[in-house]
Structures are given as structure tokens and as C-alpha cells.
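Below is one structure, written out as C-alpha cells; the observations come after it.
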Amino acid sequence: MNPTISVAVLLTVLQAAHCQKIKELSACLLGQNLRVDCRYENKTANPLTYEFSMFKDNRKRVIQTTLNVPENSLKARSNVTLSKDLLCLQLFDFTTADEGTYICELKITGDYTGNQIRNITVIKDKLEKCAGVSLLIQNTSWLLLLLLSLPLLQAVDFVSL
């Protein structure tokens, strides 16, 4: 077998074996709503399937999913948005009854490493409020942020054009 072809096949197998990874799972309060951000790394264009669930009182409750059937009472109060490398769950009207361990589970088609799972314990009194500026920075390109901030910088005479 040609050594070049062997290396190409090996690299393809290695990439397929490590094409996803959950980098961070965080939670914060957005008004009266819980926001859970599941940041991940995906090195392929393969479809992503997910499951957000909550574990409380030795019981797993599926909130939103493309893998299984969610619990209707939680699905009706929640929403998931998917953008590049970020899966975001919002649980509306979050109360202390909704406290527990929240789980983000990802599966990418063709990924042979299995499901990626991360969890976070959520207690309402200990949650930080979601920062509007940091949300803007996380989901907006730096160039756009710079262009939007130029009038403000000119107003305080920081930049003169």
C-alpha cells in the first residue's frame, strides 16, 4: 500500500474519532429564566443531536432533546437555540422546584467516541445573573463589536477619525 494513502487514511480515522468535545457547561439567570450554555467543539460538518435533562430526587427528567422523548411539562416551559459551537437551553419561570443537576449530552453522527456528557448543579440562590455585555461578546464577531463601539469611543473623545 502506498505510504501516502496510509497516512491519509490514518488522519481521517483520527479526525473521525475525536470530532466533538464539550468545552464548558455554565448556568445563569436571565430575568426569571434559567439559561444553560453548553459550549462544544465540533470538527466535522456532521449533524448534531442533543439532550438537555435534569436529575433530581434520583430521577432523570428530559427537558429538550433530539435523542429521546422529552417530558411535556418541561418541554412546554423551555427553548433550545443552536449556533456555531453553542447549544443554549432556556427554562422559563425558573423556581427552586427546578433546582437540580442539569445535564448536556451531545452526539454527532459518525463520531465513534460516543456521547459527550457534562453536568452542572443549579441552585437558584447561588446563580449569577447573565451579563448582557458578555453575551454580546460571546456571540458577535470582534470586528462588528469594534464598528458598533466607534461612535461611543468618539463621543468620549477616545478616538478621533
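By order of appearance in the C-alpha cells: chains A, B, ..., then residues from 1 within every chain, and ligands from 1 in the order shown.
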
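Excluding Leu48 (chain A) itself and any same-chain residue fewer than 5 positions from it, the protein and nucleic acid residues within 12 Å of it, counting only C-alpha atoms, are Cys19, Gln20, Lys21, Tyr40, Glu41, Asn42, Lys43, Thr65, Thr66, Leu67, Leu82, Ser83, Lys84, Asp85, Leu86, Leu87, Glu105, Leu106, Lys107, Ile108, Thr109, Gly110, Asp111, Asn115 and Gln116 of chain A.
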
With N, CA and C atoms retained, could you export that selection as a short mmCIF file (atom, residue, chain, number, x, y, z; two decimals), in the first residue's frame?
data_model
loop_
_atom_site.label_atom_id
_atom_site.label_comp_id
_atom_site.auth_asym_id
_atom_site.auth_seq_id
_atom_site.Cartn_x
_atom_site.Cartn_y
_atom_site.Cartn_z
N CYS A 19 -14.03 14.11 16.96
CA CYS A 19 -14.60 15.24 16.25
C CYS A 19 -15.50 16.11 17.12
N GLN A 20 -15.72 15.77 18.36
CA GLN A 20 -16.53 16.61 19.23
C GLN A 20 -16.03 16.56 20.66
N LYS A 21 -16.33 17.63 21.39
CA LYS A 21 -15.97 17.69 22.80
C LYS A 21 -16.73 18.83 23.44
N TYR A 40 -19.36 23.64 22.88
CA TYR A 40 -18.73 22.42 22.39
C TYR A 40 -17.81 22.71 21.22
N GLU A 41 -16.98 21.75 20.92
CA GLU A 41 -16.07 21.83 19.79
C GLU A 41 -16.50 20.74 18.81
N ASN A 42 -16.70 21.12 17.55
CA ASN A 42 -17.11 20.16 16.54
C ASN A 42 -16.20 20.34 15.32
N LYS A 43 -15.48 19.31 15.00
CA LYS A 43 -14.52 19.40 13.89
C LYS A 43 -15.06 18.83 12.60
N THR A 65 -34.76 17.59 23.64
CA THR A 65 -33.93 16.54 23.08
C THR A 65 -34.21 16.31 21.61
N THR A 66 -33.22 15.78 20.94
CA THR A 66 -33.40 15.21 19.61
C THR A 66 -33.07 13.71 19.68
N LEU A 67 -32.76 13.21 20.88
CA LEU A 67 -32.39 11.81 21.07
C LEU A 67 -33.53 10.96 21.60
N LEU A 82 -29.51 26.75 18.86
CA LEU A 82 -28.25 26.14 18.44
C LEU A 82 -27.55 27.10 17.50
N SER A 83 -26.33 27.47 17.85
CA SER A 83 -25.50 28.27 16.96
C SER A 83 -24.14 27.60 16.90
N LYS A 84 -23.24 28.18 16.17
CA LYS A 84 -21.93 27.56 16.00
C LYS A 84 -21.25 27.36 17.35
N ASP A 85 -21.02 26.14 17.70
CA ASP A 85 -20.32 25.74 18.92
C ASP A 85 -21.03 26.12 20.22
N LEU A 86 -22.33 26.42 20.18
CA LEU A 86 -23.08 26.75 21.39
C LEU A 86 -24.50 26.20 21.30
N LEU A 87 -24.87 25.44 22.30
CA LEU A 87 -26.22 24.95 22.46
C LEU A 87 -26.76 25.60 23.73
N GLU A 105 -25.99 16.54 26.92
CA GLU A 105 -25.45 15.35 26.25
C GLU A 105 -25.47 15.58 24.75
N LEU A 106 -24.32 15.40 24.11
CA LEU A 106 -24.19 15.62 22.67
C LEU A 106 -23.77 14.35 21.96
N LYS A 107 -24.27 14.19 20.77
CA LYS A 107 -23.86 13.08 19.90
C LYS A 107 -23.80 13.62 18.48
N ILE A 108 -22.67 13.41 17.83
CA ILE A 108 -22.51 13.84 16.44
C ILE A 108 -22.46 12.59 15.57
N THR A 109 -23.28 12.57 14.53
CA THR A 109 -23.34 11.43 13.63
C THR A 109 -21.95 11.12 13.08
N GLY A 110 -21.57 9.87 13.17
CA GLY A 110 -20.27 9.45 12.65
C GLY A 110 -19.13 9.60 13.64
N ASP A 111 -19.42 10.10 14.84
CA ASP A 111 -18.37 10.23 15.86
C ASP A 111 -18.31 8.94 16.65
N ASN A 115 -21.22 9.44 23.12
CA ASN A 115 -21.84 10.69 23.55
C ASN A 115 -20.92 11.46 24.49
N GLN A 116 -20.94 12.77 24.36
CA GLN A 116 -20.24 13.66 25.27
C GLN A 116 -21.25 14.14 26.29
#

Q. In Å, how far is it from CA of Ile117 (chain A) to CA of Cys104 (chain A)?
A. 5.7 Å

Q: Pick out the residues sitting within 12 Å of Asp57 (chain A), and hand them over as a list in words; count only C-alpha atoms, and ignore anything fewer than 2 positions along from it in its own chain.
A: Met54, Phe55, Arg59, Lys60, Arg61, Ala97, Asp98, Glu99, Gly100 and Thr101 of chain A

Export N, CA, C and O atoms of the chosen residues as an mmCIF file, in the first residue's frame?
data_model
loop_
_atom_site.group_PDB
_atom_site.id
_atom_site.type_symbol
_atom_site.label_atom_id
_atom_site.label_comp_id
_atom_site.auth_asym_id
_atom_site.auth_seq_id
_atom_site.Cartn_x
_atom_site.Cartn_y
_atom_site.Cartn_z
ATOM 1 N N MET A 54 -32.530 17.037 33.467
ATOM 2 C CA MET A 54 -32.302 17.444 34.841
ATOM 3 C C MET A 54 -32.411 16.193 35.710
ATOM 4 O O MET A 54 -33.288 15.352 35.488
ATOM 5 N N PHE A 55 -31.516 16.084 36.670
ATOM 6 C CA PHE A 55 -31.536 14.950 37.594
ATOM 7 C C PHE A 55 -31.833 15.492 38.984
ATOM 8 O O PHE A 55 -31.123 16.351 39.492
ATOM 9 N N ARG A 59 -34.167 10.912 39.917
ATOM 10 C CA ARG A 59 -34.988 10.786 38.716
ATOM 11 C C ARG A 59 -34.455 11.710 37.623
ATOM 12 O O ARG A 59 -34.207 12.888 37.866
ATOM 13 N N LYS A 60 -34.303 11.167 36.441
ATOM 14 C CA LYS A 60 -33.877 11.959 35.286
ATOM 15 C C LYS A 60 -35.124 12.452 34.558
ATOM 16 O O LYS A 60 -36.021 11.678 34.240
ATOM 17 N N ARG A 61 -35.152 13.779 34.327
ATOM 18 C CA ARG A 61 -36.265 14.402 33.610
ATOM 19 C C ARG A 61 -35.697 15.050 32.347
ATOM 20 O O ARG A 61 -34.897 15.972 32.428
ATOM 21 N N ALA A 97 -38.119 24.768 42.730
ATOM 22 C CA ALA A 97 -38.548 23.401 42.403
ATOM 23 C C ALA A 97 -37.785 22.852 41.195
ATOM 24 O O ALA A 97 -37.731 21.638 40.986
ATOM 25 N N ASP A 98 -37.193 23.750 40.408
ATOM 26 C CA ASP A 98 -36.436 23.339 39.216
ATOM 27 C C ASP A 98 -34.952 23.155 39.506
ATOM 28 O O ASP A 98 -34.173 22.883 38.581
ATOM 29 N N GLU A 99 -34.546 23.323 40.753
ATOM 30 C CA GLU A 99 -33.138 23.127 41.102
ATOM 31 C C GLU A 99 -32.761 21.664 40.945
ATOM 32 O O GLU A 99 -33.595 20.775 41.098
ATOM 33 N N GLY A 100 -31.490 21.442 40.615
ATOM 34 C CA GLY A 100 -31.010 20.067 40.464
ATOM 35 C C GLY A 100 -29.735 20.047 39.641
ATOM 36 O O GLY A 100 -29.084 21.071 39.444
ATOM 37 N N THR A 101 -29.396 18.881 39.142
ATOM 38 C CA THR A 101 -28.223 18.724 38.284
ATOM 39 C C THR A 101 -28.692 18.720 36.841
ATOM 40 O O THR A 101 -29.483 17.861 36.437
#

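One distance worth recording is that between CA of Lys124 (chain A) and CA of Thr95 (chain A), which is 7.1 Å.
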
Q.
Using only C-alpha atoms, can you tell me which of A:Ser149, A:Asn46, A:Gln90, A:Thr121 comes closest to Leu29 (chain A)?
A. A:Gln90

Q.
When you look at Cys130 (chain A) with a cut-off of 10 Å (counting only C-alpha atoms), what residues show up, excluding the ones that are within fewer than 6 positions of it in the same chain? I need them as a list in words.
A. Ala27, Cys28, Leu29, Leu30, Gly31, Leu34 and Arg35 of chain A

I need the residues from that last selection saved to file as a compact mmCIF listing (two decimals), in the first residue's frame (with all heavy atoms), if you can.
# COMPACT_ATOMS: atom_id res chain seq x y z
N ALA A 27 -24.34 28.01 33.79
CA ALA A 27 -25.73 28.37 34.03
C ALA A 27 -25.80 29.75 34.66
O ALA A 27 -24.92 30.14 35.43
CB ALA A 27 -26.39 27.34 34.94
N CYS A 28 -26.86 30.49 34.31
CA CYS A 28 -27.07 31.81 34.89
C CYS A 28 -28.55 32.15 34.80
O CYS A 28 -29.32 31.47 34.12
CB CYS A 28 -26.23 32.88 34.17
SG CYS A 28 -26.59 33.06 32.41
N LEU A 29 -28.96 33.22 35.52
CA LEU A 29 -30.34 33.68 35.50
C LEU A 29 -30.49 34.83 34.52
O LEU A 29 -29.72 35.79 34.55
CB LEU A 29 -30.76 34.17 36.89
CG LEU A 29 -31.28 33.11 37.85
CD1 LEU A 29 -31.60 33.75 39.20
CD2 LEU A 29 -32.48 32.39 37.31
N LEU A 30 -31.48 34.72 33.67
CA LEU A 30 -31.80 35.77 32.70
C LEU A 30 -33.22 36.23 33.02
O LEU A 30 -34.19 35.64 32.56
CB LEU A 30 -31.69 35.21 31.28
CG LEU A 30 -31.76 36.18 30.12
CD1 LEU A 30 -30.62 37.19 30.20
CD2 LEU A 30 -31.68 35.42 28.81
N GLY A 31 -33.32 37.23 33.90
CA GLY A 31 -34.63 37.62 34.44
C GLY A 31 -35.12 36.52 35.37
O GLY A 31 -34.45 36.13 36.30
N LEU A 34 -33.94 30.44 33.59
CA LEU A 34 -32.64 29.79 33.70
C LEU A 34 -32.07 29.66 32.30
O LEU A 34 -32.77 29.28 31.36
CB LEU A 34 -32.78 28.40 34.32
CG LEU A 34 -31.52 27.53 34.30
CD1 LEU A 34 -30.46 28.11 35.24
CD2 LEU A 34 -31.85 26.10 34.68
N ARG A 35 -30.80 29.98 32.17
CA ARG A 35 -30.10 29.80 30.90
C ARG A 35 -28.93 28.85 31.16
O ARG A 35 -28.11 29.09 32.05
CB ARG A 35 -29.59 31.13 30.36
CG ARG A 35 -28.79 30.96 29.09
CD ARG A 35 -28.32 32.27 28.55
NE ARG A 35 -27.26 32.03 27.61
CZ ARG A 35 -26.94 32.84 26.64
NH1 ARG A 35 -27.58 33.97 26.49
NH2 ARG A 35 -25.95 32.55 25.82

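Straight-line separation from CA of Val36 (chain A) to CA of Asn58 (chain A): 20.9 Å.
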
Q | In region 55-109 of chain A, DSSP helix (DSSP H, G or I) residues written as an MDAnalysis selection string | A | chainID A and resid 72:75 96:98
